[in-house]
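Coordinates as given in model_10.pdb (PDB, C-alpha atoms):
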ATOM      1  CA  MET P   1       0.000   0.000   0.000
ATOM      2  CA  HIS P   2       2.794   2.422   0.785
ATOM      3  CA  ALA P   3       5.534   1.155  -1.512
ATOM      4  CA  TRP P   4       5.036   4.182  -3.767
ATOM      5  CA  VAL P   5       6.309   6.532  -1.061
ATOM      6  CA  PHE P   6       9.050   4.231   0.286
ATOM      7  CA  PRO P   7      10.604   2.591  -2.798
ATOM      8  CA  GLY P   8      13.259   0.031  -1.924
ATOM      9  CA  VAL P   9      12.180  -0.561   1.680
ATOM     10  CA  GLU P  10      11.311  -4.135   0.744
ATOM     11  CA  ASP P  11      14.899  -4.464  -0.478
ATOM     12  CA  GLY P  12      16.351  -3.332   2.828
ATOM     13  CA  LEU P  13      16.577   0.451   2.555
ATOM     14  CA  ASP P  14      15.560   2.481   5.589
ATOM     15  CA  HIS P  15      12.851   5.110   5.178
ATOM     16  CA  GLU P  16      15.291   7.974   4.731
ATOM     17  CA  GLN P  17      17.253   6.141   2.056
ATOM     18  CA  ALA P  18      14.002   5.146   0.363
ATOM     19  CA  MET P  19      12.808   8.723   0.189
ATOM     20  CA  GLU P  20      16.044   9.678  -1.542
ATOM     21  CA  GLN P  21      15.144   7.191  -4.290
ATOM     22  CA  LEU P  22      11.921   8.989  -5.122
ATOM     23  CA  ARG P  23      11.544  10.244  -8.678
ATOM     24  CA  GLY P  24       8.863  11.770 -10.881
ATOM     25  CA  VAL P  25       5.354  12.005  -9.512
ATOM     26  CA  ASN P  26       6.296  10.456  -6.180
ATOM     27  CA  ARG P  27       9.167  12.922  -5.697
ATOM     28  CA  LEU P  28       6.801  15.823  -6.423
ATOM     29  CA  LEU P  29       4.210  14.584  -3.925
ATOM     30  CA  VAL P  30       6.693  14.026  -1.123
ATOM     31  CA  ASP P  31       8.295  17.397  -1.789
ATOM     32  CA  GLU P  32       4.849  18.969  -1.409
ATOM     33  CA  VAL P  33       4.386  17.265   1.959
ATOM     34  CA  MET P  34       7.821  18.380   3.054
ATOM     35  CA  SER P  35       7.194  22.004   2.100
ATOM     36  CA  THR P  36       4.139  22.411   4.326
ATOM     37  CA  GLY P  37       4.359  24.929   7.151
ATOM     38  CA  ALA P  38       2.569  23.025   9.922
ATOM     39  CA  VAL P  39       1.226  19.548  10.687
ATOM     40  CA  VAL P  40      -2.114  18.531  12.231
ATOM     41  CA  ALA P  41      -2.500  14.854  13.138
ATOM     42  CA  GLY P  42      -4.214  12.551  15.570
ATOM     43  CA  ARG P  43      -2.540  10.954  18.531
ATOM     44  CA  GLY P  44      -3.076   7.588  16.803
ATOM     45  CA  THR P  45      -0.827   8.711  13.955
ATOM     46  CA  PHE P  46       1.736  10.564  16.062
ATOM     47  CA  GLU P  47       2.393   8.260  18.989
ATOM     48  CA  PRO P  48       2.990   4.970  17.095
ATOM     49  CA  ALA P  49       5.494   6.909  14.950
ATOM     50  CA  ASN P  50       7.344   7.915  18.139
ATOM     51  CA  GLY P  51       6.263  11.482  17.465
ATOM     52  CA  TRP P  52       8.681  11.690  14.535
ATOM     53  CA  GLY P  53      11.310  12.464  17.135
ATOM     54  CA  GLY P  54       9.582  15.796  17.763
ATOM     55  CA  ASP P  55      10.306  17.044  14.222
ATOM     56  CA  HIS P  56       8.174  15.994  11.271
ATOM     57  CA  HIS P  57      10.215  18.186   8.909
ATOM     58  CA  ASP P  58      12.118  21.445   9.241
ATOM     59  CA  GLY P  59      10.896  21.979  12.797
ATOM     60  CA  VAL P  60       7.427  23.165  11.724
ATOM     61  CA  PRO P  61       4.765  23.246  14.451
ATOM     62  CA  ILE P  62       2.903  19.983  15.055
ATOM     63  CA  TYR P  63      -0.634  20.001  16.488
ATOM     64  CA  ILE P  64      -1.767  16.662  17.922
ATOM     65  CA  LEU P  65      -5.436  15.996  18.566
ATOM     66  CA  SER P  66      -5.970  14.072  21.770
ATOM     67  CA  ARG P  67      -8.287  14.054  24.750
ATOM     68  CA  HIS P  68      -5.203  13.369  26.903
ATOM     69  CA  ALA P  69      -2.137  15.426  27.723
ATOM     70  CA  ALA P  70       1.054  14.723  25.821
ATOM     71  CA  PRO P  71       2.920  11.634  27.055
ATOM     72  CA  SER P  72       5.999  12.417  29.103
ATOM     73  CA  TRP P  73       8.365  11.574  26.232
ATOM     74  CA  ALA P  74       6.729  14.227  24.034
ATOM     75  CA  ALA P  75       5.912  16.847  26.657
ATOM     76  CA  ASP P  76       9.105  18.872  26.262
ATOM     77  CA  TRP P  77       9.309  18.978  22.486
ATOM     78  CA  PRO P  78       8.944  22.647  21.582
ATOM     79  CA  ALA P  79       7.273  22.072  18.191
ATOM     80  CA  VAL P  80       4.598  19.703  19.551
ATOM     81  CA  HIS P  81       1.249  20.972  20.835
ATOM     82  CA  TYR P  82      -1.389  18.609  22.252
ATOM     83  CA  THR P  83      -4.966  19.821  22.055
ATOM     84  CA  SER P  84      -8.495  18.434  21.982
ATOM     85  CA  ASP P  85      -9.743  21.354  19.895
ATOM     86  CA  LEU P  86      -9.711  20.438  16.195
ATOM     87  CA  GLU P  87     -10.900  23.788  14.922
ATOM     88  CA  GLY P  88      -8.473  25.662  17.164
ATOM     89  CA  ALA P  89      -5.642  23.444  15.979
ATOM     90  CA  MET P  90      -6.505  24.057  12.341
ATOM     91  CA  ARG P  91      -6.664  27.814  12.916
ATOM     92  CA  ALA P  92      -3.332  27.868  14.750
ATOM     93  CA  ALA P  93      -1.718  25.664  12.109
ATOM     94  CA  LYS P  94      -2.889  27.921   9.280
ATOM     95  CA  VAL P  95      -1.525  30.977  11.062
ATOM     96  CA  ALA P  96       1.789  29.247  11.750
ATOM     97  CA  ALA P  97       2.081  28.044   8.144
ATOM     98  CA  GLY P  98       1.555  31.513   6.705
ATOM     99  CA  ASP P  99       1.438  31.205   2.929
ATOM    100  CA  ARG P 100       2.439  27.562   2.996
ATOM    101  CA  ASN P 101      -0.039  24.678   3.195
ATOM    102  CA  VAL P 102      -0.925  22.752   6.353
ATOM    103  CA  LEU P 103      -0.406  18.977   6.251
ATOM    104  CA  VAL P 104      -3.424  17.187   7.722
ATOM    105  CA  HIS P 105      -1.858  13.814   8.410
ATOM    106  CA  GLY P 106      -4.123  10.759   8.700
ATOM    107  CA  ALA P 107      -7.540   9.856   7.326
ATOM    108  CA  GLY P 108      -9.361  10.174  10.657
ATOM    109  CA  THR P 109      -8.190  13.734  11.249
ATOM    110  CA  ALA P 110      -8.928  14.706   7.647
ATOM    111  CA  GLN P 111     -12.451  13.269   7.970
ATOM    112  CA  ARG P 112     -13.089  15.229  11.139
ATOM    113  CA  ALA P 113     -11.744  18.419   9.598
ATOM    114  CA  LEU P 114     -13.930  17.895   6.524
ATOM    115  CA  ALA P 115     -17.012  17.334   8.692
ATOM    116  CA  ALA P 116     -16.201  20.489  10.686
ATOM    117  CA  GLY P 117     -15.882  22.528   7.484
ATOM    118  CA  VAL P 118     -12.229  23.455   8.088
ATOM    119  CA  LEU P 119     -10.596  21.278   5.405
ATOM    120  CA  ASP P 120      -9.745  23.161   2.207
ATOM    121  CA  GLU P 121      -8.237  20.459   0.008
ATOM    122  CA  LEU P 122      -7.939  16.674  -0.240
ATOM    123  CA  GLU P 123      -5.211  14.568  -1.835
ATOM    124  CA  LEU P 124      -6.259  10.944  -2.367
ATOM    125  CA  HIS P 125      -3.667   8.299  -3.206
ATOM    126  CA  LEU P 126      -5.568   5.566  -5.019
ATOM    127  CA  VAL P 127      -3.531   2.359  -4.790
ATOM    128  CA  PRO P 128      -4.809  -0.375  -7.164
ATOM    129  CA  VAL P 129      -5.285  -3.076  -4.540
ATOM    130  CA  LEU P 130      -8.595  -4.303  -3.121
ATOM    131  CA  LEU P 131      -8.121  -5.488   0.447
ATOM    132  CA  GLY P 132     -10.993  -7.614   1.720
ATOM    133  CA  GLU P 133     -13.876  -5.477   2.897
ATOM    134  CA  GLY P 134     -11.670  -2.421   3.027
ATOM    135  CA  ARG P 135     -12.301   0.556   5.272
ATOM    136  CA  ARG P 136     -14.418   3.592   4.596
ATOM    137  CA  LEU P 137     -12.490   6.639   3.479
ATOM    138  CA  PHE P 138     -15.211   9.128   4.343
ATOM    139  CA  GLU P 139     -17.080   8.740   7.595
ATOM    140  CA  HIS P 140     -18.661  10.925  10.210
ATOM    141  CA  LEU P 141     -20.177  13.174   7.554
ATOM    142  CA  GLY P 142     -23.722  12.433   8.720
ATOM    143  CA  LEU P 143     -26.279  13.024   6.011
ATOM    144  CA  GLU P 144     -24.582  15.993   4.499
ATOM    145  CA  GLN P 145     -23.559  16.318   0.894
ATOM    146  CA  ARG P 146     -20.164  17.806   0.041
ATOM    147  CA  GLU P 147     -19.097  18.780  -3.438
ATOM    148  CA  LEU P 148     -15.489  18.787  -4.534
ATOM    149  CA  ASP P 149     -13.638  20.373  -7.432
ATOM    150  CA  ARG P 150     -11.003  18.191  -9.011
ATOM    151  CA  ILE P 151      -7.896  20.286  -9.472
ATOM    152  CA  ARG P 152      -5.239  17.700 -10.369
ATOM    153  CA  VAL P 153      -4.843  14.042 -11.327
ATOM    154  CA  LEU P 154      -1.343  12.554 -11.321
ATOM    155  CA  GLU P 155      -0.688   9.053 -12.665
ATOM    156  CA  GLY P 156       2.264   7.467 -10.870
ATOM    157  CA  GLU P 157       4.389   5.079 -12.928
ATOM    158  CA  ASP P 158       3.618   2.453 -10.261
ATOM    159  CA  GLY P 159      -0.145   2.408 -10.935
ATOM    160  CA  VAL P 160      -1.027   4.716  -8.026
ATOM    161  CA  THR P 161      -3.366   7.561  -9.015
ATOM    162  CA  HIS P 162      -3.162  10.767  -7.003
ATOM    163  CA  LEU P 163      -6.361  12.827  -7.032
ATOM    164  CA  HIS P 164      -6.372  16.351  -5.693
ATOM    165  CA  TYR P 165      -9.660  18.048  -4.830
ATOM    166  CA  ARG P 166     -10.707  21.377  -3.397
ATOM    167  CA  VAL P 167     -13.677  21.292  -1.032
ATOM    168  CA  ARG P 168     -16.406  23.509  -2.453
ATOM    169  CA  ARG P 169     -17.864  26.134  -0.059
TER     170      ARG P 169
ATOM    171  CA  MET T 170     -24.338  11.788  -9.722
ATOM    172  CA  HIS T 171     -25.337  10.827 -13.260
ATOM    173  CA  ALA T 172     -25.442  14.230 -14.926
ATOM    174  CA  TRP T 173     -22.222  13.412 -16.792
ATOM    175  CA  VAL T 174     -23.969  10.691 -18.805
ATOM    176  CA  PHE T 175     -27.285  12.517 -19.247
ATOM    177  CA  PRO T 176     -26.380  16.158 -19.907
ATOM    178  CA  GLY T 177     -29.396  18.393 -20.194
ATOM    179  CA  VAL T 178     -31.870  16.114 -18.413
ATOM    180  CA  GLU T 179     -32.171  18.725 -15.680
ATOM    181  CA  ASP T 180     -33.119  21.176 -18.406
ATOM    182  CA  GLY T 181     -35.922  18.971 -19.683
ATOM    183  CA  LEU T 182     -34.285  16.721 -22.285
ATOM    184  CA  ASP T 183     -35.289  13.064 -22.288
ATOM    185  CA  HIS T 184     -32.568  10.448 -21.914
ATOM    186  CA  GLU T 185     -32.236   9.827 -25.625
ATOM    187  CA  GLN T 186     -31.911  13.521 -26.422
ATOM    188  CA  ALA T 187     -29.423  13.890 -23.573
ATOM    189  CA  MET T 188     -27.224  11.131 -24.924
ATOM    190  CA  GLU T 189     -27.109  12.892 -28.278
ATOM    191  CA  GLN T 190     -25.584  15.896 -26.477
ATOM    192  CA  LEU T 191     -22.609  13.882 -25.277
ATOM    193  CA  ARG T 192     -19.181  15.094 -26.353
ATOM    194  CA  GLY T 193     -15.549  14.345 -25.612
ATOM    195  CA  VAL T 194     -14.767  11.884 -22.847
ATOM    196  CA  ASN T 195     -18.430  11.246 -22.072
ATOM    197  CA  ARG T 196     -19.196  10.484 -25.734
ATOM    198  CA  LEU T 197     -16.288   8.032 -25.841
ATOM    199  CA  LEU T 198     -17.434   6.234 -22.688
ATOM    200  CA  VAL T 199     -21.041   5.894 -23.782
ATOM    201  CA  ASP T 200     -19.937   4.718 -27.225
ATOM    202  CA  GLU T 201     -17.877   2.014 -25.509
ATOM    203  CA  VAL T 202     -20.919   0.869 -23.536
ATOM    204  CA  MET T 203     -23.017   0.855 -26.690
ATOM    205  CA  SER T 204     -20.494  -1.223 -28.618
ATOM    206  CA  THR T 205     -20.519  -4.137 -26.175
ATOM    207  CA  GLY T 206     -21.786  -7.480 -27.468
ATOM    208  CA  ALA T 207     -23.795  -8.664 -24.463
ATOM    209  CA  VAL T 208     -25.119  -7.362 -21.132
ATOM    210  CA  VAL T 209     -25.080  -9.014 -17.701
ATOM    211  CA  ALA T 210     -27.077  -7.286 -14.966
ATOM    212  CA  GLY T 211     -29.029  -7.961 -11.812
ATOM    213  CA  ARG T 212     -32.790  -8.029 -11.622
ATOM    214  CA  GLY T 213     -32.562  -4.931  -9.396
ATOM    215  CA  THR T 214     -31.025  -2.996 -12.278
ATOM    216  CA  PHE T 215     -33.154  -4.477 -15.045
ATOM    217  CA  GLU T 216     -36.675  -4.469 -13.634
ATOM    218  CA  PRO T 217     -36.842  -0.862 -12.359
ATOM    219  CA  ALA T 218     -35.645   0.197 -15.832
ATOM    220  CA  ASN T 219     -38.598  -1.671 -17.360
ATOM    221  CA  GLY T 220     -36.109  -4.087 -18.873
ATOM    222  CA  TRP T 221     -34.939  -1.431 -21.313
ATOM    223  CA  GLY T 222     -37.945  -2.460 -23.394
ATOM    224  CA  GLY T 223     -36.216  -5.777 -24.042
ATOM    225  CA  ASP T 224     -33.353  -4.142 -25.951
ATOM    226  CA  HIS T 225     -30.441  -2.492 -24.146
ATOM    227  CA  HIS T 226     -28.767  -1.636 -27.460
ATOM    228  CA  ASP T 227     -28.609  -3.256 -30.893
ATOM    229  CA  GLY T 228     -30.532  -6.318 -29.710
ATOM    230  CA  VAL T 229     -27.511  -7.879 -27.964
ATOM    231  CA  PRO T 230     -28.267 -10.721 -25.515
ATOM    232  CA  ILE T 231     -29.137  -9.669 -21.970
ATOM    233  CA  TYR T 232     -28.484 -12.018 -19.038
ATOM    234  CA  ILE T 233     -30.382 -11.133 -15.864
ATOM    235  CA  LEU T 234     -29.330 -12.619 -12.538
ATOM    236  CA  SER T 235     -32.310 -13.535 -10.402
ATOM    237  CA  ARG T 236     -33.468 -16.311  -8.124
ATOM    238  CA  HIS T 237     -36.907 -15.913  -9.689
ATOM    239  CA  ALA T 238     -38.227 -16.519 -13.186
ATOM    240  CA  ALA T 239     -38.640 -13.571 -15.520
ATOM    241  CA  PRO T 240     -41.749 -11.480 -14.810
ATOM    242  CA  SER T 241     -44.535 -11.990 -17.333
ATOM    243  CA  TRP T 242     -43.848  -8.685 -19.090
ATOM    244  CA  ALA T 243     -40.253  -9.774 -19.850
ATOM    245  CA  ALA T 244     -40.810 -13.488 -20.421
ATOM    246  CA  ASP T 245     -41.267 -13.294 -24.175
ATOM    247  CA  TRP T 246     -38.435 -10.948 -25.041
ATOM    248  CA  PRO T 247     -36.063 -12.997 -27.182
ATOM    249  CA  ALA T 248     -32.852 -11.221 -26.099
ATOM    250  CA  VAL T 249     -33.535 -11.563 -22.358
ATOM    251  CA  HIS T 250     -32.358 -14.595 -20.378
ATOM    252  CA  TYR T 251     -33.102 -14.961 -16.666
ATOM    253  CA  THR T 252     -30.701 -17.141 -14.709
ATOM    254  CA  SER T 253     -29.460 -17.607 -11.161
ATOM    255  CA  ASP T 254     -26.050 -18.784 -12.358
ATOM    256  CA  LEU T 255     -23.593 -15.873 -12.420
ATOM    257  CA  GLU T 256     -20.656 -17.807 -13.806
ATOM    258  CA  GLY T 257     -22.808 -19.456 -16.457
ATOM    259  CA  ALA T 258     -24.214 -16.070 -17.451
ATOM    260  CA  MET T 259     -20.724 -14.586 -17.746
ATOM    261  CA  ARG T 260     -19.567 -17.523 -19.883
ATOM    262  CA  ALA T 261     -22.598 -17.324 -22.162
ATOM    263  CA  ALA T 262     -22.279 -13.543 -22.459
ATOM    264  CA  LYS T 263     -18.603 -13.768 -23.419
ATOM    265  CA  VAL T 264     -19.401 -16.366 -26.087
ATOM    266  CA  ALA T 265     -22.269 -14.264 -27.424
ATOM    267  CA  ALA T 266     -20.140 -11.108 -27.473
ATOM    268  CA  GLY T 267     -17.366 -12.747 -29.489
ATOM    269  CA  ASP T 268     -14.517 -10.261 -29.805
ATOM    270  CA  ARG T 269     -16.560  -7.437 -28.297
ATOM    271  CA  ASN T 270     -16.671  -6.672 -24.587
ATOM    272  CA  VAL T 271     -19.430  -7.702 -22.187
ATOM    273  CA  LEU T 272     -21.140  -4.903 -20.255
ATOM    274  CA  VAL T 273     -21.510  -5.861 -16.595
ATOM    275  CA  HIS T 274     -24.191  -3.388 -15.576
ATOM    276  CA  GLY T 275     -24.545  -2.469 -11.898
ATOM    277  CA  ALA T 276     -22.170  -2.420  -8.943
ATOM    278  CA  GLY T 277     -23.688  -5.448  -7.209
ATOM    279  CA  THR T 278     -23.281  -7.712 -10.211
ATOM    280  CA  ALA T 279     -19.750  -6.438 -10.847
ATOM    281  CA  GLN T 280     -18.852  -7.125  -7.195
ATOM    282  CA  ARG T 281     -20.166 -10.672  -7.407
ATOM    283  CA  ALA T 282     -18.332 -11.291 -10.681
ATOM    284  CA  LEU T 283     -15.128  -9.925  -9.173
ATOM    285  CA  ALA T 284     -15.491 -12.159  -6.115
ATOM    286  CA  ALA T 285     -16.127 -15.172  -8.376
ATOM    287  CA  GLY T 286     -13.001 -14.407 -10.407
ATOM    288  CA  VAL T 287     -14.886 -13.896 -13.680
ATOM    289  CA  LEU T 288     -14.540 -10.118 -14.014
ATOM    290  CA  ASP T 289     -11.729  -9.030 -16.351
ATOM    291  CA  GLU T 290     -11.890  -5.243 -16.165
ATOM    292  CA  LEU T 291     -13.401  -2.450 -14.096
ATOM    293  CA  GLU T 292     -14.387   1.067 -15.119
ATOM    294  CA  LEU T 293     -14.953   3.396 -12.160
ATOM    295  CA  HIS T 294     -16.669   6.738 -12.627
ATOM    296  CA  LEU T 295     -15.468   8.907  -9.764
ATOM    297  CA  VAL T 296     -17.967  11.734  -9.279
ATOM    298  CA  PRO T 297     -16.653  14.508  -6.989
ATOM    299  CA  VAL T 298     -19.525  14.468  -4.524
ATOM    300  CA  LEU T 299     -19.471  13.051  -0.995
ATOM    301  CA  LEU T 300     -22.926  11.829  -0.030
ATOM    302  CA  GLY T 301     -23.337  11.267   3.688
ATOM    303  CA  GLU T 302     -21.927   7.947   4.771
ATOM    304  CA  GLY T 303     -21.880   6.723   1.175
ATOM    305  CA  ARG T 304     -22.049   3.083   0.176
ATOM    306  CA  ARG T 305     -19.224   0.614  -0.194
ATOM    307  CA  LEU T 306     -18.082   0.071  -3.749
ATOM    308  CA  PHE T 307     -16.393  -3.244  -3.065
ATOM    309  CA  GLU T 308     -18.115  -5.774  -0.872
ATOM    310  CA  HIS T 309     -18.437  -9.517  -0.594
ATOM    311  CA  LEU T 310     -14.738  -9.977  -1.272
ATOM    312  CA  GLY T 311     -14.172 -11.672   2.096
ATOM    313  CA  LEU T 312     -10.593 -11.420   3.237
ATOM    314  CA  GLU T 313      -9.064 -11.775  -0.158
ATOM    315  CA  GLN T 314      -6.679  -9.333  -1.736
ATOM    316  CA  ARG T 315      -7.106  -8.408  -5.386
ATOM    317  CA  GLU T 316      -4.574  -6.447  -7.382
ATOM    318  CA  LEU T 317      -5.520  -4.283 -10.314
ATOM    319  CA  ASP T 318      -3.562  -2.772 -13.178
ATOM    320  CA  ARG T 319      -4.545   0.754 -14.097
ATOM    321  CA  ILE T 320      -4.868   0.905 -17.851
ATOM    322  CA  ARG T 321      -6.556   4.279 -18.428
ATOM    323  CA  VAL T 322      -7.509   7.486 -16.613
ATOM    324  CA  LEU T 323      -9.857   9.916 -18.369
ATOM    325  CA  GLU T 324     -10.582  13.349 -16.903
ATOM    326  CA  GLY T 325     -14.073  14.488 -17.882
ATOM    327  CA  GLU T 326     -14.533  18.238 -18.347
ATOM    328  CA  ASP T 327     -17.267  18.015 -15.703
ATOM    329  CA  GLY T 328     -14.906  16.918 -12.905
ATOM    330  CA  VAL T 329     -15.756  13.214 -13.185
ATOM    331  CA  THR T 330     -12.666  10.974 -13.332
ATOM    332  CA  HIS T 331     -12.999   7.658 -15.169
ATOM    333  CA  LEU T 332     -10.554   4.995 -13.995
ATOM    334  CA  HIS T 333     -10.128   1.798 -15.976
ATOM    335  CA  TYR T 334      -8.454  -1.219 -14.367
ATOM    336  CA  ARG T 335      -7.680  -4.759 -15.417
ATOM    337  CA  VAL T 336      -8.068  -7.393 -12.686
ATOM    338  CA  ARG T 337      -4.728  -9.104 -12.228
ATOM    339  CA  ARG T 338      -4.758 -12.925 -12.374
TER     340      ARG T 338
END

How would this structure read if it were set down as structure tokens?
Amino acid sequence: MHAWVFPGVEDGLDHEQAMEQLRGVNRLLVDEVMSTGAVVAGRGTFEPANGWGGDHHDGVPIYILSRHAAPSWAADWPAVHYTSDLEGAMRAAKVAAGDRNVLVHGAGTAQRALAAGVLDELELHLVPVLLGEGRRLFEHLGLEQRELDRIRVLEGEDGVTHLHYRVRR
Amino acid sequence: MHAWVFPGVEDGLDHEQAMEQLRGVNRLLVDEVMSTGAVVAGRGTFEPANGWGGDHHDGVPIYILSRHAAPSWAADWPAVHYTSDLEGAMRAAKVAAGDRNVLVHGAGTAQRALAAGVLDELELHLVPVLLGEGRRLFEHLGLEQRELDRIRVLEGEDGVTHLHYRVRR
């Protein structure tokens, strides 16, 4: 599922080495992620990744959604801010990012931001594998209808299709 | 959801007039459907559409999956064959179609054919609208993993993205 973003990991490269191998569409997409000015993610994304060592990229501010306080190992990292307030986190992240984009990291957080009306754009990475019953990509939207504008389709050489949408207001 | 294939229906055109308005990507896609050599569909697609008057297009054979016999109004249509045997219907349709494609009409029938290993290709029409909780596009696959090869992406002018995959064997 994630081989497109970590080429060579199956052959023994570590993640950093793999990212250096990226070319073409995959290079472009990862460069976009790495040029964002703030990160918003859920605790369930952040904590299993050991909090990215306190630095997702370039020391940009990281807002972590959680009903709990930061764990002791993350409490002193200056870039990391634990909060239970999604809308507040999105506002703070947009201010911190200035004219750069905010990376909303993880499907659950993106779904919540979409439902709250504070998500501006969506990038979907459509990997051509059907896995059993799958999981729903859009939940918690209730009965509402949301319209999107497709602003870019990129066809990766590896069969992954990257669809970029703007959420219509 | 279906405006791409019936342009102008909201402005009062009937379906036939609407299909004459089709241009570009949408024209190509509908022409592909209309050049298939047989149709396989579920009763739940066929009966609400009044059985397409017994002729989906060009009099090609129509195989309808149902646990029941054909209703009286469809029983005498020579092109229409009711059956409860999905794999048999797919075999018969492929023979009847010769070197043309078979149209598998309806998500439920396509899902069952995919699960049974008798679906060769998939065309997904990705409309940029999120509707509440949505419905699952792939079900009944159990725990199996299926890999697809992307063979075409068409970007409709109306924001609909048409993704064509071959099911890998």

- Message: I'd like the contact shell of segment 121-131 of chain P - 10 Å cut-off, all atoms listed in the file, skipping same-chain residues fewer than 3 positions apart - returned as a VMD selection string.
- Response: (chain P and resid 1 to 4 29 101 to 102 104 107 110 to 111 114 118 134 to 135 137 148 to 156 158 to 168) or (chain T and resid 307 to 308 310 to 319 334 to 337)

- Which residue of P:Ala115, P:Arg27, P:Met34, P:Ala49 approaches chain T most closely, using only C-alpha atoms: P:Ala115

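Closest to Gly88 of chain P among P:Val40, P:Pro71, P:Asp55, P:Gln17 is P:Val40, based on all atoms listed in the file.
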
- Within 7 Å of (-6.2, 14.7, 14.0) (coordinates as in the file), grab all the protein and nucleic acid residues, counting only C-alpha atoms, and write them out as JSON, numbers by chain. {"P": [40, 41, 42, 43, 64, 65, 106, 108, 109, 110]}

- Separating atom CA of Arg169 of chain P from atom CA of Met90 of chain P, to the nearest tenth of an Å, is a gap of 16.9 Å

- Task: Find the residues around Ala262 of chain T up to 8 Å (all atoms listed in the file counted), leave out those fewer than 4 positions away in its own chain, and share them as a PyMOL selection string.
- Result: chain T and resi 206-209+230-232+258+266+271

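The gap separating atom CA of His140 of chain P from atom CA of Glu32 of chain P is 27.4 Å, in Å to one decimal.
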
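Evaluating the PyMOL selection byres ((chain T and resi 252) around 6) against the shown model yields Leu234, Ser235, Tyr251, Ser253 and Asp254 of chain T.
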
- Note on the structure: As a check of understanding: the span from atom CA of Arg236 of chain T to atom CA of Leu272 of chain T is 20.7 Å

- Message: Taking 6 positions as the minimum chain separation for residues in the same chain, which residues sit within 12 Å of Glu16 of chain P when counting only C-alpha atoms? Answer as a list of chain:residue names.
- Response: P:Val5, P:Phe6, P:Pro7, P:Gly8, P:Val9, P:Leu22

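Minimum atom-to-atom distances from T:Arg281, T:Arg192, T:Arg305, T:Arg260 to chain P were compared using all atoms listed in the file, and the lowest value belongs to T:Arg305.
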